[in-house]
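Asks: Pasting upload.cif below, which is mmCIF, C-alpha atoms.
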```cif
data_target
loop_
_atom_site.label_atom_id
_atom_site.label_comp_id
_atom_site.auth_asym_id
_atom_site.auth_seq_id
_atom_site.Cartn_x
_atom_site.Cartn_y
_atom_site.Cartn_z
CA MET A 19 0.00 0.00 0.00
CA SER A 20 1.39 3.42 -0.85
CA LEU A 21 1.50 6.09 1.80
CA PRO A 22 1.28 9.79 1.07
CA ASP A 23 4.68 10.80 2.35
CA ASP A 24 8.37 10.22 1.81
CA LEU A 25 9.04 8.16 4.90
CA PRO A 26 11.15 5.03 4.92
CA ASP A 27 9.01 1.92 5.00
CA ASP A 28 7.27 0.76 8.15
CA ALA A 29 9.87 -1.89 8.89
CA VAL A 30 12.51 0.84 9.23
CA LEU A 31 10.20 2.91 11.45
CA THR A 32 9.68 -0.16 13.61
CA GLU A 33 13.31 -1.21 13.90
CA GLN A 34 15.35 1.99 13.60
CA GLY A 35 13.20 5.10 13.76
CA VAL A 36 13.95 8.05 11.50
CA ASP A 37 15.41 11.55 11.61
CA LEU A 38 13.49 13.97 9.38
CA ALA A 39 15.05 17.18 10.62
CA GLY A 40 16.39 19.54 7.98
CA ALA A 41 19.92 20.87 7.77
CA ARG A 42 18.87 23.90 9.83
CA PRO A 43 16.85 23.03 12.91
CA ALA A 44 13.28 24.31 12.97
CA ARG A 45 11.97 26.03 16.11
CA LEU A 46 10.16 23.06 17.62
CA LEU A 47 11.40 19.48 17.77
CA LEU A 48 8.88 16.65 17.86
CA ILE A 49 10.31 13.51 19.40
CA ALA A 50 7.90 10.77 18.41
CA CYS A 51 7.35 7.05 18.40
CA GLY A 52 8.06 5.63 14.94
CA ALA A 53 4.49 4.31 14.91
CA LEU A 54 3.25 7.92 14.63
CA ALA A 55 5.55 9.10 11.83
CA HIS A 56 3.01 8.92 8.99
CA GLU A 57 0.33 10.67 11.00
CA VAL A 58 2.62 13.41 12.27
CA LEU A 59 3.93 14.12 8.80
CA ALA A 60 0.40 14.18 7.42
CA LEU A 61 -0.63 16.72 10.06
CA LYS A 62 2.45 18.84 9.40
CA ARG A 63 1.69 18.85 5.71
CA LEU A 64 -2.05 19.51 6.10
CA ASN A 65 -1.49 22.39 8.50
CA GLY A 66 1.69 23.83 7.07
CA TRP A 67 3.54 23.33 10.35
CA ASP A 68 6.99 23.99 8.90
CA HIS A 69 8.31 25.16 12.23
CA MET A 70 8.34 21.54 13.46
CA ASP A 71 11.12 19.02 12.95
CA LEU A 72 10.43 15.33 13.48
CA LYS A 73 12.74 12.70 14.91
CA CYS A 74 11.32 9.24 15.60
CA LEU A 75 12.54 6.53 17.92
CA PRO A 76 12.04 2.91 16.82
CA ALA A 77 8.41 1.88 17.22
CA LYS A 78 9.53 -1.50 18.56
CA LEU A 79 10.51 0.18 21.83
CA HIS A 80 6.93 -0.60 22.77
CA LEU A 81 7.95 -4.21 23.11
CA TYR A 82 10.21 -3.08 25.97
CA PRO A 83 8.32 -0.21 27.65
CA ASP A 84 10.91 0.04 30.41
CA ARG A 85 13.35 1.39 27.82
CA ILE A 86 11.11 4.17 26.49
CA THR A 87 11.75 6.73 29.23
CA GLY A 88 15.53 6.46 28.96
CA GLU A 89 15.54 6.65 25.15
CA VAL A 90 13.24 9.67 25.09
CA ALA A 91 15.24 11.44 27.79
CA ALA A 92 18.50 10.82 25.93
CA MET A 93 17.06 12.31 22.76
CA VAL A 94 15.73 15.35 24.62
CA GLU A 95 19.14 15.93 26.21
CA LYS A 96 20.93 15.47 22.90
CA HIS A 97 18.87 18.03 21.00
CA ARG A 98 17.62 20.54 23.54
CA GLN A 99 20.34 23.09 22.76
CA SER A 100 19.34 23.14 19.08
CA TYR A 101 15.63 23.85 19.56
CA ALA A 102 13.57 26.49 21.32
CA ASP A 103 10.99 23.86 22.31
CA ILE A 104 10.60 20.12 22.35
CA PHE A 105 7.30 18.23 22.33
CA VAL A 106 7.36 14.52 23.11
CA LEU A 107 4.85 12.57 21.05
CA TYR A 108 4.48 9.62 23.37
CA ALA A 109 1.63 8.95 25.76
CA ASP A 110 2.38 6.97 28.91
CA CYS A 111 2.87 3.91 26.68
CA GLY A 112 3.28 1.42 29.50
CA THR A 113 5.93 3.38 31.39
CA GLY A 114 3.74 3.51 34.49
CA GLY A 115 4.07 7.27 34.88
CA LEU A 116 7.87 7.29 34.60
CA LEU A 117 7.89 9.04 31.22
CA GLN A 118 5.56 11.74 32.53
CA ALA A 119 7.81 12.27 35.55
CA LYS A 120 10.94 12.42 33.40
CA CYS A 121 9.38 14.90 30.94
CA ALA A 122 8.33 17.09 33.86
CA GLU A 123 11.88 16.94 35.21
CA LEU A 124 13.27 17.85 31.79
CA GLY A 125 10.73 20.63 31.36
CA VAL A 126 9.21 19.28 28.16
CA GLU A 127 5.57 18.57 27.33
CA MET A 128 4.29 15.17 26.23
CA LEU A 129 1.00 13.80 24.94
CA ALA A 130 -1.72 13.14 27.49
CA GLY A 131 -3.28 9.72 27.84
CA PRO A 132 -2.32 6.12 28.36
CA HIS A 133 -1.40 5.15 24.78
CA CYS A 134 -2.03 5.88 21.10
CA TYR A 135 -5.29 3.88 21.03
CA SER A 136 -6.60 6.41 23.49
CA PHE A 137 -5.38 9.69 22.04
CA PHE A 138 -6.29 8.80 18.45
CA GLU A 139 -9.89 8.28 19.50
CA GLY A 140 -9.65 11.19 21.93
CA ASN A 141 -8.73 10.44 25.54
CA ASP A 142 -12.15 11.38 26.93
CA ALA A 143 -14.05 9.31 24.38
CA PHE A 144 -11.74 6.36 24.87
CA ALA A 145 -12.05 6.49 28.64
CA ALA A 146 -15.84 6.35 28.27
CA HIS A 147 -15.66 2.82 26.79
CA ASP A 148 -16.33 0.99 30.03
CA ASP A 149 -17.55 -1.99 28.08
CA GLU A 150 -14.40 -2.55 26.06
CA ILE A 151 -12.00 -4.21 28.45
CA SER A 152 -11.83 -7.22 26.18
CA ALA A 153 -11.03 -5.22 23.02
CA PHE A 154 -7.66 -5.45 21.30
CA TYR A 155 -6.88 -2.22 19.43
CA LEU A 156 -4.84 -1.74 16.29
CA THR A 157 -4.05 1.62 14.69
CA ASP A 158 -3.28 1.88 10.98
CA PHE A 159 0.43 1.49 11.67
CA LEU A 160 -0.14 -1.58 13.81
CA VAL A 161 -2.36 -3.15 11.17
CA ARG A 162 0.46 -2.72 8.66
CA GLN A 163 3.06 -3.96 11.15
CA PHE A 164 0.96 -6.58 12.91
CA ASP A 165 3.28 -9.48 12.15
CA ALA A 166 6.41 -7.59 13.22
CA PHE A 167 4.78 -6.13 16.33
CA VAL A 168 2.48 -8.83 17.60
CA TRP A 169 2.41 -12.12 15.73
CA LYS A 170 6.16 -12.82 15.56
CA PRO A 171 7.23 -11.38 18.94
CA MET A 172 4.54 -13.48 20.61
CA GLY A 173 5.87 -16.54 18.78
CA LEU A 174 2.61 -17.20 16.93
CA ASP A 175 4.38 -17.71 13.62
CA ARG A 176 6.25 -20.64 15.18
CA HIS A 177 3.73 -21.78 17.77
CA PRO A 178 0.17 -21.05 16.62
CA GLU A 179 -1.09 -23.21 19.48
CA LEU A 180 -0.30 -20.28 21.80
CA ARG A 181 -2.99 -18.12 20.18
CA ASP A 182 -5.76 -18.77 22.66
CA MET A 183 -3.39 -18.55 25.61
CA ILE A 184 -2.45 -15.05 24.43
CA PHE A 185 -5.72 -13.72 23.01
CA GLY A 186 -8.20 -16.02 24.77
CA ASN A 187 -9.57 -13.31 27.06
CA TYR A 188 -10.19 -10.85 24.22
CA THR A 189 -13.49 -10.82 22.36
CA LYS A 190 -12.96 -8.31 19.56
CA MET A 191 -10.29 -6.49 17.61
CA VAL A 192 -10.98 -2.82 16.94
CA HIS A 193 -9.26 -1.24 13.97
CA GLN A 194 -8.89 2.42 14.84
CA ALA A 195 -8.41 3.97 11.42
CA GLN A 196 -6.54 7.25 11.05
CA ILE A 197 -7.16 7.42 7.30
CA GLU A 198 -9.90 5.95 5.14
CA ASP A 199 -8.34 3.05 3.29
CA GLU A 200 -10.41 0.06 2.19
CA GLY A 201 -7.32 -2.10 1.64
CA LEU A 202 -6.12 -1.53 5.17
CA LYS A 203 -9.60 -2.20 6.52
CA ARG A 204 -9.66 -5.58 4.73
CA GLN A 205 -6.20 -6.34 6.09
CA ALA A 206 -7.41 -5.55 9.61
CA ALA A 207 -10.46 -7.79 9.19
CA ALA A 208 -8.19 -10.65 8.09
CA ILE A 209 -6.01 -10.11 11.17
CA ALA A 210 -9.06 -10.28 13.44
CA GLU A 211 -9.98 -13.58 11.86
CA ARG A 212 -6.45 -14.88 12.41
CA MET A 213 -6.67 -13.84 16.06
CA GLY A 214 -10.01 -15.60 16.41
CA LEU A 215 -11.73 -12.32 17.38
CA ASP A 216 -14.73 -10.34 16.18
CA PHE A 217 -13.85 -7.33 14.06
CA GLU A 218 -14.91 -3.73 14.51
CA TYR A 219 -13.89 -0.83 12.31
CA ARG A 220 -13.73 2.59 13.93
CA PHE A 221 -12.58 5.68 12.07
CA THR A 222 -10.82 8.02 14.50
CA GLY A 223 -8.81 10.38 12.34
CA TYR A 224 -5.94 11.95 14.25
CA GLY A 225 -7.88 12.78 17.42
CA ASP A 226 -5.98 14.35 20.29
CA LEU A 227 -2.71 14.04 18.38
CA ALA A 228 -3.87 16.77 16.01
CA ARG A 229 -5.31 18.90 18.79
CA SER A 230 -2.14 18.61 20.89
CA MET A 231 0.14 19.50 18.00
CA ALA A 232 -2.05 22.46 17.09
CA ARG A 233 -1.58 23.85 20.59
CA GLN A 234 2.18 23.98 20.26
CA PRO A 235 3.63 27.47 19.87
CA MET B 25 17.21 -29.61 19.34
CA SER B 26 19.64 -31.95 17.53
CA ASP B 27 18.77 -35.38 16.11
CA GLN B 28 21.06 -36.90 18.69
CA GLU B 29 19.01 -35.37 21.49
CA ASP B 30 15.81 -36.50 19.80
CA ASP B 31 17.01 -40.06 20.15
CA ILE B 32 17.37 -39.89 23.92
CA ILE B 33 15.29 -42.53 25.65
CA LEU B 34 14.29 -41.00 28.96
CA ALA B 35 13.68 -44.30 30.71
CA GLU B 36 17.28 -45.35 30.10
CA LEU B 37 18.77 -42.29 31.84
CA SER B 38 19.98 -42.34 35.42
CA ASP B 39 18.05 -40.20 37.88
CA ASP B 40 20.55 -37.36 37.71
CA GLU B 41 20.70 -37.46 33.92
CA LEU B 42 16.93 -37.59 33.67
CA VAL B 43 16.48 -34.56 35.92
CA LEU B 44 18.96 -32.57 33.82
CA GLN B 45 17.21 -33.73 30.66
CA MET B 46 13.89 -32.60 32.11
CA HIS B 47 15.37 -29.17 32.75
CA ASP B 48 16.31 -29.07 29.04
CA ASP B 49 12.88 -30.35 28.02
CA LEU B 50 11.13 -27.71 30.12
CA TYR B 51 13.37 -25.08 28.56
CA ASP B 52 12.32 -26.34 25.14
CA GLY B 53 8.64 -26.50 26.13
CA LEU B 54 8.32 -30.24 25.46
CA LYS B 55 5.11 -31.18 27.22
CA ASP B 56 5.03 -34.86 26.33
CA GLU B 57 8.63 -35.40 27.45
CA ILE B 58 7.91 -33.69 30.78
CA THR B 59 4.88 -35.89 31.34
CA GLU B 60 6.98 -38.95 30.57
CA GLY B 61 9.83 -37.79 32.82
CA VAL B 62 7.50 -37.16 35.77
CA ASN B 63 5.97 -40.61 35.41
CA ILE B 64 9.40 -42.24 35.20
CA LEU B 65 10.60 -40.55 38.38
CA LEU B 66 7.41 -41.43 40.22
CA GLY B 67 7.85 -45.00 39.01
CA ARG B 68 11.32 -44.97 40.57
CA LYS B 69 9.70 -44.13 43.91
CA TRP B 70 10.61 -40.47 43.93
CA THR B 71 8.30 -38.47 46.17
CA PRO B 72 5.98 -36.12 44.27
CA TYR B 73 7.56 -33.26 46.18
CA ASP B 74 11.06 -34.14 44.98
CA VAL B 75 9.88 -34.50 41.38
CA LEU B 76 8.23 -31.11 41.64
CA THR B 77 11.11 -29.24 43.21
CA LYS B 78 14.15 -30.93 41.68
CA ALA B 79 12.88 -31.48 38.15
CA LEU B 80 10.12 -28.97 37.44
CA VAL B 81 10.66 -25.97 39.71
CA GLU B 82 14.41 -25.97 39.20
CA GLY B 83 13.84 -26.20 35.43
CA MET B 84 11.43 -23.28 35.53
CA ARG B 85 13.87 -21.34 37.67
CA ILE B 86 16.41 -21.60 34.84
CA VAL B 87 13.75 -20.51 32.35
CA GLY B 88 12.98 -17.56 34.61
CA ILE B 89 16.59 -16.47 34.76
CA ASP B 90 17.00 -16.59 30.99
CA PHE B 91 13.74 -14.68 30.56
CA ARG B 92 15.01 -12.00 32.91
CA ASP B 93 18.30 -11.84 31.04
CA GLY B 94 16.59 -11.45 27.66
CA ILE B 95 17.70 -14.85 26.37
CA LEU B 96 14.18 -16.27 26.34
CA PHE B 97 11.03 -14.36 25.42
CA VAL B 98 7.34 -14.63 26.25
CA PRO B 99 6.48 -17.42 23.76
CA GLU B 100 9.25 -19.68 25.02
CA VAL B 101 8.22 -19.04 28.62
CA LEU B 102 4.62 -19.87 27.74
CA LEU B 103 5.66 -23.14 26.13
CA ALA B 104 7.78 -24.00 29.17
CA ALA B 105 4.84 -23.11 31.40
CA ASN B 106 2.58 -25.42 29.40
CA ALA B 107 5.08 -28.22 29.82
CA MET B 108 5.31 -27.59 33.56
CA LYS B 109 1.53 -27.47 33.79
CA ALA B 110 1.37 -30.94 32.28
CA GLY B 111 3.77 -32.19 34.94
CA MET B 112 1.89 -30.37 37.68
CA ALA B 113 -1.38 -31.98 36.61
CA ILE B 114 0.10 -35.36 37.49
CA LEU B 115 1.76 -34.19 40.70
CA LYS B 116 -0.92 -31.97 42.24
CA PRO B 117 -3.27 -34.73 43.46
CA LEU B 118 -0.29 -36.74 44.69
CA LEU B 119 1.10 -33.78 46.57
CA ALA B 120 -2.22 -33.33 48.33
CA GLU B 121 -2.19 -37.00 49.36
CA THR B 122 1.41 -37.04 50.55
CA GLY B 123 1.23 -33.83 52.56
CA ALA B 124 4.07 -31.91 50.94
CA PRO B 125 5.41 -28.93 52.92
CA ARG B 126 3.25 -25.82 52.58
CA LEU B 127 4.91 -22.45 52.81
CA GLY B 128 1.75 -20.39 52.96
CA ARG B 129 -1.42 -19.44 51.19
CA MET B 130 -1.91 -16.83 48.49
CA VAL B 131 -4.89 -15.18 46.84
CA ILE B 132 -4.09 -13.76 43.41
CA GLY B 133 -6.03 -12.01 40.66
CA THR B 134 -5.90 -9.48 37.83
CA VAL B 135 -7.55 -6.20 38.84
CA LYS B 136 -10.87 -4.78 37.70
CA GLY B 137 -10.94 -3.59 34.10
CA ASP B 138 -8.02 -5.78 33.08
CA ILE B 139 -8.21 -9.12 31.31
CA HIS B 140 -4.50 -9.89 31.03
CA ASP B 141 -3.43 -13.00 32.84
CA ILE B 142 -0.28 -14.45 31.31
CA GLY B 143 1.98 -13.06 34.05
CA LYS B 144 -0.49 -13.87 36.78
CA ASN B 145 -0.79 -17.45 35.56
CA LEU B 146 2.98 -17.84 35.56
CA VAL B 147 3.15 -16.51 39.10
CA THR B 148 0.39 -18.89 40.19
CA MET B 149 2.20 -21.85 38.73
CA MET B 150 5.58 -20.93 40.18
CA MET B 151 4.11 -20.20 43.60
CA GLU B 152 2.34 -23.58 43.61
CA GLY B 153 5.58 -25.20 42.54
CA ALA B 154 7.40 -23.49 45.38
CA GLY B 155 4.95 -24.90 47.93
CA PHE B 156 2.31 -22.21 48.26
CA GLU B 157 -1.38 -22.94 48.08
CA VAL B 158 -2.87 -20.47 45.61
CA THR B 159 -6.44 -19.31 45.07
CA ASP B 160 -6.58 -17.77 41.61
CA LEU B 161 -9.44 -15.29 41.24
CA GLY B 162 -8.89 -14.92 37.49
CA ILE B 163 -9.30 -11.61 35.66
CA ASN B 164 -11.27 -8.37 36.05
CA ASN B 165 -11.63 -8.51 39.84
CA PRO B 166 -13.42 -5.78 41.79
CA VAL B 167 -12.25 -5.11 45.33
CA GLU B 168 -15.06 -7.25 46.76
CA ASN B 169 -13.57 -10.36 45.15
CA TYR B 170 -10.22 -9.84 46.84
CA ILE B 171 -11.67 -9.01 50.24
CA GLY B 172 -14.11 -11.90 50.04
CA ALA B 173 -11.36 -14.38 49.18
CA LEU B 174 -9.11 -13.08 51.96
CA GLU B 175 -11.91 -13.37 54.48
CA ALA B 176 -13.00 -16.80 53.29
CA GLN B 177 -9.95 -18.62 54.60
CA GLU B 178 -6.66 -17.97 56.30
CA THR B 179 -4.32 -16.37 53.80
CA ASP B 180 -0.79 -15.00 54.01
CA ILE B 181 -0.31 -13.21 50.70
CA LEU B 182 -2.41 -11.12 48.36
CA GLY B 183 -1.10 -10.84 44.80
CA MET B 184 -2.48 -8.34 42.30
CA SER B 185 -1.64 -8.06 38.62
CA ALA B 186 -2.30 -5.42 35.94
CA LEU B 187 -0.95 -4.91 32.45
CA LEU B 188 -2.45 -1.52 31.74
CA THR B 189 -1.47 1.93 32.93
CA THR B 190 -5.18 2.61 33.21
CA THR B 191 -5.95 -0.35 35.47
CA MET B 192 -2.93 -0.46 37.76
CA PRO B 193 -4.25 2.37 40.02
CA TYR B 194 -7.04 0.00 41.03
CA MET B 195 -4.52 -1.84 43.18
CA LYS B 196 -4.57 1.18 45.47
CA VAL B 197 -8.35 0.92 45.76
CA VAL B 198 -7.95 -2.62 47.04
CA ILE B 199 -5.17 -1.73 49.48
CA ASP B 200 -7.06 1.32 50.75
CA THR B 201 -10.11 -0.84 51.36
CA MET B 202 -7.96 -3.30 53.32
CA VAL B 203 -6.69 -0.38 55.41
CA GLU B 204 -10.24 0.87 56.02
CA LYS B 205 -11.26 -2.59 57.17
CA GLY B 206 -8.25 -2.81 59.48
CA MET B 207 -6.94 -5.89 57.70
CA ARG B 208 -4.03 -4.51 55.70
CA ASP B 209 -1.34 -5.52 58.17
CA ASP B 210 -2.59 -9.09 58.28
CA TYR B 211 -1.31 -9.76 54.75
CA ILE B 212 1.74 -9.50 52.57
CA VAL B 213 0.69 -7.61 49.45
CA LEU B 214 2.66 -8.27 46.26
CA VAL B 215 1.98 -6.48 42.97
CA GLY B 216 3.21 -7.04 39.43
CA GLY B 217 2.63 -6.27 35.76
CA ALA B 218 4.50 -4.69 32.88
CA PRO B 219 3.87 -0.99 33.61
CA LEU B 220 4.50 -1.26 37.37
CA ASN B 221 7.69 -0.41 39.18
CA GLU B 222 9.09 -0.20 42.70
CA GLU B 223 8.04 3.42 43.15
CA PHE B 224 4.45 2.65 42.24
CA ALA B 225 4.31 -0.32 44.62
CA LYS B 226 5.64 1.83 47.42
CA ALA B 227 3.26 4.71 46.61
CA ILE B 228 0.15 2.54 46.80
CA GLY B 229 1.21 0.82 50.00
CA ALA B 230 2.11 -2.64 48.67
CA ASP B 231 4.86 -4.62 50.36
CA SER B 232 6.74 -5.32 47.19
CA TYR B 233 6.80 -5.09 43.40
CA CYS B 234 7.70 -8.34 41.68
CA ARG B 235 9.06 -7.94 38.17
CA ASP B 236 8.55 -11.58 37.20
CA ALA B 237 7.31 -14.91 38.51
CA ALA B 238 10.68 -16.01 39.87
CA VAL B 239 11.04 -12.75 41.80
CA ALA B 240 7.51 -13.20 43.14
CA VAL B 241 8.44 -16.59 44.58
CA GLU B 242 11.67 -15.35 46.14
CA THR B 243 9.95 -12.26 47.56
CA ALA B 244 7.08 -14.31 48.96
CA LYS B 245 9.48 -16.73 50.65
CA ALA B 246 11.56 -13.91 52.12
CA LEU B 247 8.58 -11.96 53.43
CA ILE B 248 6.91 -15.06 54.87
CA ALA B 249 10.14 -15.94 56.68
CA LYS B 250 10.41 -12.36 57.97
CA LYS B 251 6.82 -12.46 59.20
CA HIS B 252 7.41 -15.73 61.04
CA ASN B 253 10.58 -14.38 62.60
CA GLN B 254 8.74 -11.30 63.82
CA MET B 255 5.97 -13.45 65.28
CA HIS B 256 8.48 -15.53 67.18
CA ALA B 257 10.73 -12.67 68.27
#
```
Produce structure tokens that represent the structure in this file.
Replies:
Amino acid sequence: MSLPDDLPDDAVLTEQGVDLAGARPARLLLIACGALAHEVLALKRLNGWDHMDLKCLPAKLHLYPDRITGEVAAMVEKHRQSYADIFVLYADCGTGGLLQAKCAELGVEMLAGPHCYSFFEGNDAFAAHDDEISAFYLTDFLVRQFDAFVWKPMGLDRHPELRDMIFGNYTKMVHQAQIEDEGLKRQAAAIAERMGLDFEYRFTGYGDLARSMARQP
Amino acid sequence: MSDQEDDIILAELSDDELVLQMHDDLYDGLKDEITEGVNILLGRKWTPYDVLTKALVEGMRIVGIDFRDGILFVPEVLLAANAMKAGMAILKPLLAETGAPRLGRMVIGTVKGDIHDIGKNLVTMMMEGAGFEVTDLGINNPVENYIGALEAQETDILGMSALLTTTMPYMKVVIDTMVEKGMRDDYIVLVGGAPLNEEFAKAIGADSYCRDAAVAVETAKALIAKKHNQMHA
């Protein structure tokens, strides 16, 4: 599937991250999870936010949430002299409040909310889903990178018999779509079938990500 | 595993060799081989308790260390756990009959709003293997479930698990309720789950954060021993 930007492919965003800063630093640096790169670039382009540079850490850091805080902090420290402001495009992302505490200590702002499933839908709307504790969420990026992010790390390519041990308590997979793309929707439905779960499609757009970026000076 | 290893006939191994082979088989998640090994040792008049501790628990301890060190990952641990479960299924009724040493009793469950149980199940299995009697409340437990289970029979340890940043604060609800009821100090409270850390455990008033199942067992043993020492001081 083609994506409307010049990013490296999703496998690179997952494994290595990407540095999209120009030769001369812009005013604001966005330090983001690689899983958000397409969406952040789309918002920059749509809104003409040329004062923002984007550097992404590898999306696969989410497989080791205890490493996220340290990696983000190191990147903030490395670049803070070159930028007037830094905005961290991570939610809590399984850091148990440690990323929030570190960002506060460093004096930089970060996204509100527990994770991208929440802020794409809008944190308030997401929190209102009391009846969705057994939902497994996939954003567009995670649909495209499902095998690299979920299926292979959980060993399901080698040991499919583990499927129900891993997903047995879930009842449905919700594809939270940031863009309208029928091909991606079909791909998500096929993933739900592979997981043995019901499928629900939910268009979210960019949600609180867009609103938070728009608030940046 | 090599062809040579595939050809090993478990029944022909000495006790020591068989136990080491069972450690390897647990590591490789070979359920059928573990079942066979347990039956062979029992047939050689090993006590169920010795089979459990020397073959299975020690094997899982090695798995736990390599998981902690990043050599093994979740799928391998799950396969090892399945293999141990198969062995435990044979041993559990025998252990009850033979009166194996009991270290204490634990109530464990995943908190309200959370359906994740892989870590909790591993802790349950390892605690049972280490000699604790465990009541597993399952997933999505409101505070009433924990309190009810604690009040239902004499218990030493409460274990709570959460995988989500959004659900882990519920552990504090449970602990606060225990404080309100004047029962907090009667129990050792252990908490665990991917987004948790020491600071969080301390902040909510738990006794300890356990980063994995092996740590949970060691922590439980240490705190039980400390409690007994205090009682007898």
Asks: If the PyMOL selection byres ((chain A) within 12 of (chain B)) is run on the structure shown, which residues does it catch, given as a PyMOL selection string?
Replies: chain A and resi 80-87+109-117+119+131-133+136+141+144-145+147-154+168-189
Asks: Quick one: residues within 7 Å of (10.7, 14.4, 16.5) (file frame), counting all atoms listed in the file, please, as a list in words.
Replies: Leu47, Leu48, Ile49, Ala50, Asp71, Leu72, Lys73 and Cys74 of chain A
Asks: Using all atoms listed in the file, determine which residues lie at most 10 Å from Gly123 (chain B), disregarding the query and same-chain residues fewer than 4 positions distant; provide the list as a JSON list (two decimals) with C-alpha atoms, in the frame of the given file.
Replies:
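out_31.json written:
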```
[["chain", "number", "residue", "atom", "x", "y", "z"],
["B", 72, "PRO", "CA", 5.98, -36.12, 44.27],
["B", 73, "TYR", "CA", 7.56, -33.26, 46.18],
["B", 118, "LEU", "CA", -0.29, -36.74, 44.69],
["B", 119, "LEU", "CA", 1.10, -33.78, 46.57]]
```
Asks: Neighbouring residues of Tyr135 (chain A) were defined as those with any atom within 9 Å, considering all atoms listed in the file; residues of the same chain fewer than 5 positions away were excluded. Please report them as an MDAnalysis selection string.
Replies: chainID A and resid 140:141 144 155:157 194
Asks: CA of Tyr170 (chain B) to CA of Lys226 (chain B): how many Å, to one decimal?
Replies: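 A separation of 19.7 Å between them.
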Asks: Which residue gives the smallest distance to Thr243 (chain B) among B:Asn63, B:Ile228, B:Leu54, B:Gly183, with only C-alpha atoms counted?
Replies: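 Looking only at the distances to Thr243 (chain B), the closest residue turns out to be B:Gly183.
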Asks: Could you expand the PyMOL selection byres ((chain B and resi 174-180) around 12) into the explicit residues it covers here, written as a compact mmCIF listing (two decimals) with C-alpha atoms, keeping the file's coordinate frame?
Replies:
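This is the output file expr-v3.txt:
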```txt
# COMPACT_ATOMS: atom_id res chain seq x y z
CA ARG B 126 3.25 -25.82 52.58
CA LEU B 127 4.91 -22.45 52.81
CA GLY B 128 1.75 -20.39 52.96
CA ARG B 129 -1.42 -19.44 51.19
CA MET B 130 -1.91 -16.83 48.49
CA VAL B 131 -4.89 -15.18 46.84
CA ILE B 132 -4.09 -13.76 43.41
CA GLY B 133 -6.03 -12.01 40.66
CA PHE B 156 2.31 -22.21 48.26
CA GLU B 157 -1.38 -22.94 48.08
CA VAL B 158 -2.87 -20.47 45.61
CA THR B 159 -6.44 -19.31 45.07
CA ASP B 160 -6.58 -17.77 41.61
CA LEU B 161 -9.44 -15.29 41.24
CA VAL B 167 -12.25 -5.11 45.33
CA GLU B 168 -15.06 -7.25 46.76
CA ASN B 169 -13.57 -10.36 45.15
CA TYR B 170 -10.22 -9.84 46.84
CA ILE B 171 -11.67 -9.01 50.24
CA GLY B 172 -14.11 -11.90 50.04
CA ALA B 173 -11.36 -14.38 49.18
CA ILE B 181 -0.31 -13.21 50.70
CA LEU B 182 -2.41 -11.12 48.36
CA GLY B 183 -1.10 -10.84 44.80
CA VAL B 198 -7.95 -2.62 47.04
CA MET B 202 -7.96 -3.30 53.32
CA LYS B 205 -11.26 -2.59 57.17
CA MET B 207 -6.94 -5.89 57.70
CA ARG B 208 -4.03 -4.51 55.70
CA ASP B 209 -1.34 -5.52 58.17
CA ASP B 210 -2.59 -9.09 58.28
CA TYR B 211 -1.31 -9.76 54.75
CA ILE B 212 1.74 -9.50 52.57
CA VAL B 213 0.69 -7.61 49.45
CA LEU B 214 2.66 -8.27 46.26
CA ALA B 244 7.08 -14.31 48.96
CA LYS B 245 9.48 -16.73 50.65
CA LEU B 247 8.58 -11.96 53.43
CA ILE B 248 6.91 -15.06 54.87
CA ALA B 249 10.14 -15.94 56.68
CA LYS B 251 6.82 -12.46 59.20
CA HIS B 252 7.41 -15.73 61.04
```
Asks: Counting only C-alpha atoms, which of B:Leu96, B:Val197, B:Val135, B:Ala79 gets nearest to Leu66 (chain B)?
Replies: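 Residue with the minimum atom-to-atom distance to Leu66 (chain B): B:Ala79.
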Asks: Calculate how many Å separate CA of Glu139 (chain A) from CA of Thr222 (chain A), rounding to one decimal.
Replies: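 Answer for the CA of Glu139 (chain A) to CA of Thr222 (chain A) separation: 5.1 Å.
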Asks: With the file shown as input, list the residues that the PyMOL selection byres ((chain B and resi 149) around 9) selects, as a PDB file with C-alpha atoms, in the coordinates of the input.
Replies:
```pdb
ATOM      1  CA  ALA B 105       4.840 -23.110  31.400  1.00  0.00           C
ATOM      2  CA  MET B 108       5.310 -27.590  33.560  1.00  0.00           C
ATOM      3  CA  LYS B 109       1.530 -27.470  33.790  1.00  0.00           C
ATOM      4  CA  MET B 112       1.890 -30.370  37.680  1.00  0.00           C
ATOM      5  CA  LYS B 144      -0.490 -13.870  36.780  1.00  0.00           C
ATOM      6  CA  ASN B 145      -0.790 -17.450  35.560  1.00  0.00           C
ATOM      7  CA  LEU B 146       2.980 -17.840  35.560  1.00  0.00           C
ATOM      8  CA  VAL B 147       3.150 -16.510  39.100  1.00  0.00           C
ATOM      9  CA  THR B 148       0.390 -18.890  40.190  1.00  0.00           C
ATOM     10  CA  MET B 150       5.580 -20.930  40.180  1.00  0.00           C
ATOM     11  CA  MET B 151       4.110 -20.200  43.600  1.00  0.00           C
ATOM     12  CA  GLU B 152       2.340 -23.580  43.610  1.00  0.00           C
ATOM     13  CA  GLY B 153       5.580 -25.200  42.540  1.00  0.00           C
ATOM     14  CA  ALA B 154       7.400 -23.490  45.380  1.00  0.00           C
ATOM     15  CA  VAL B 158      -2.870 -20.470  45.610  1.00  0.00           C
ATOM     16  CA  ALA B 237       7.310 -14.910  38.510  1.00  0.00           C
TER      17      ALA B 237
END
```
Asks: Box for region 63-69 of chain A - axis-aligned, 3 Å on each of the six sides, all listed atoms - centre and size in Å to one decimal, as JSON.
Replies:
```
{"center_x": 3.1, "center_y": 22.0, "center_z": 9.0, "size_x": 16.4, "size_y": 12.3, "size_z": 12.5}
```
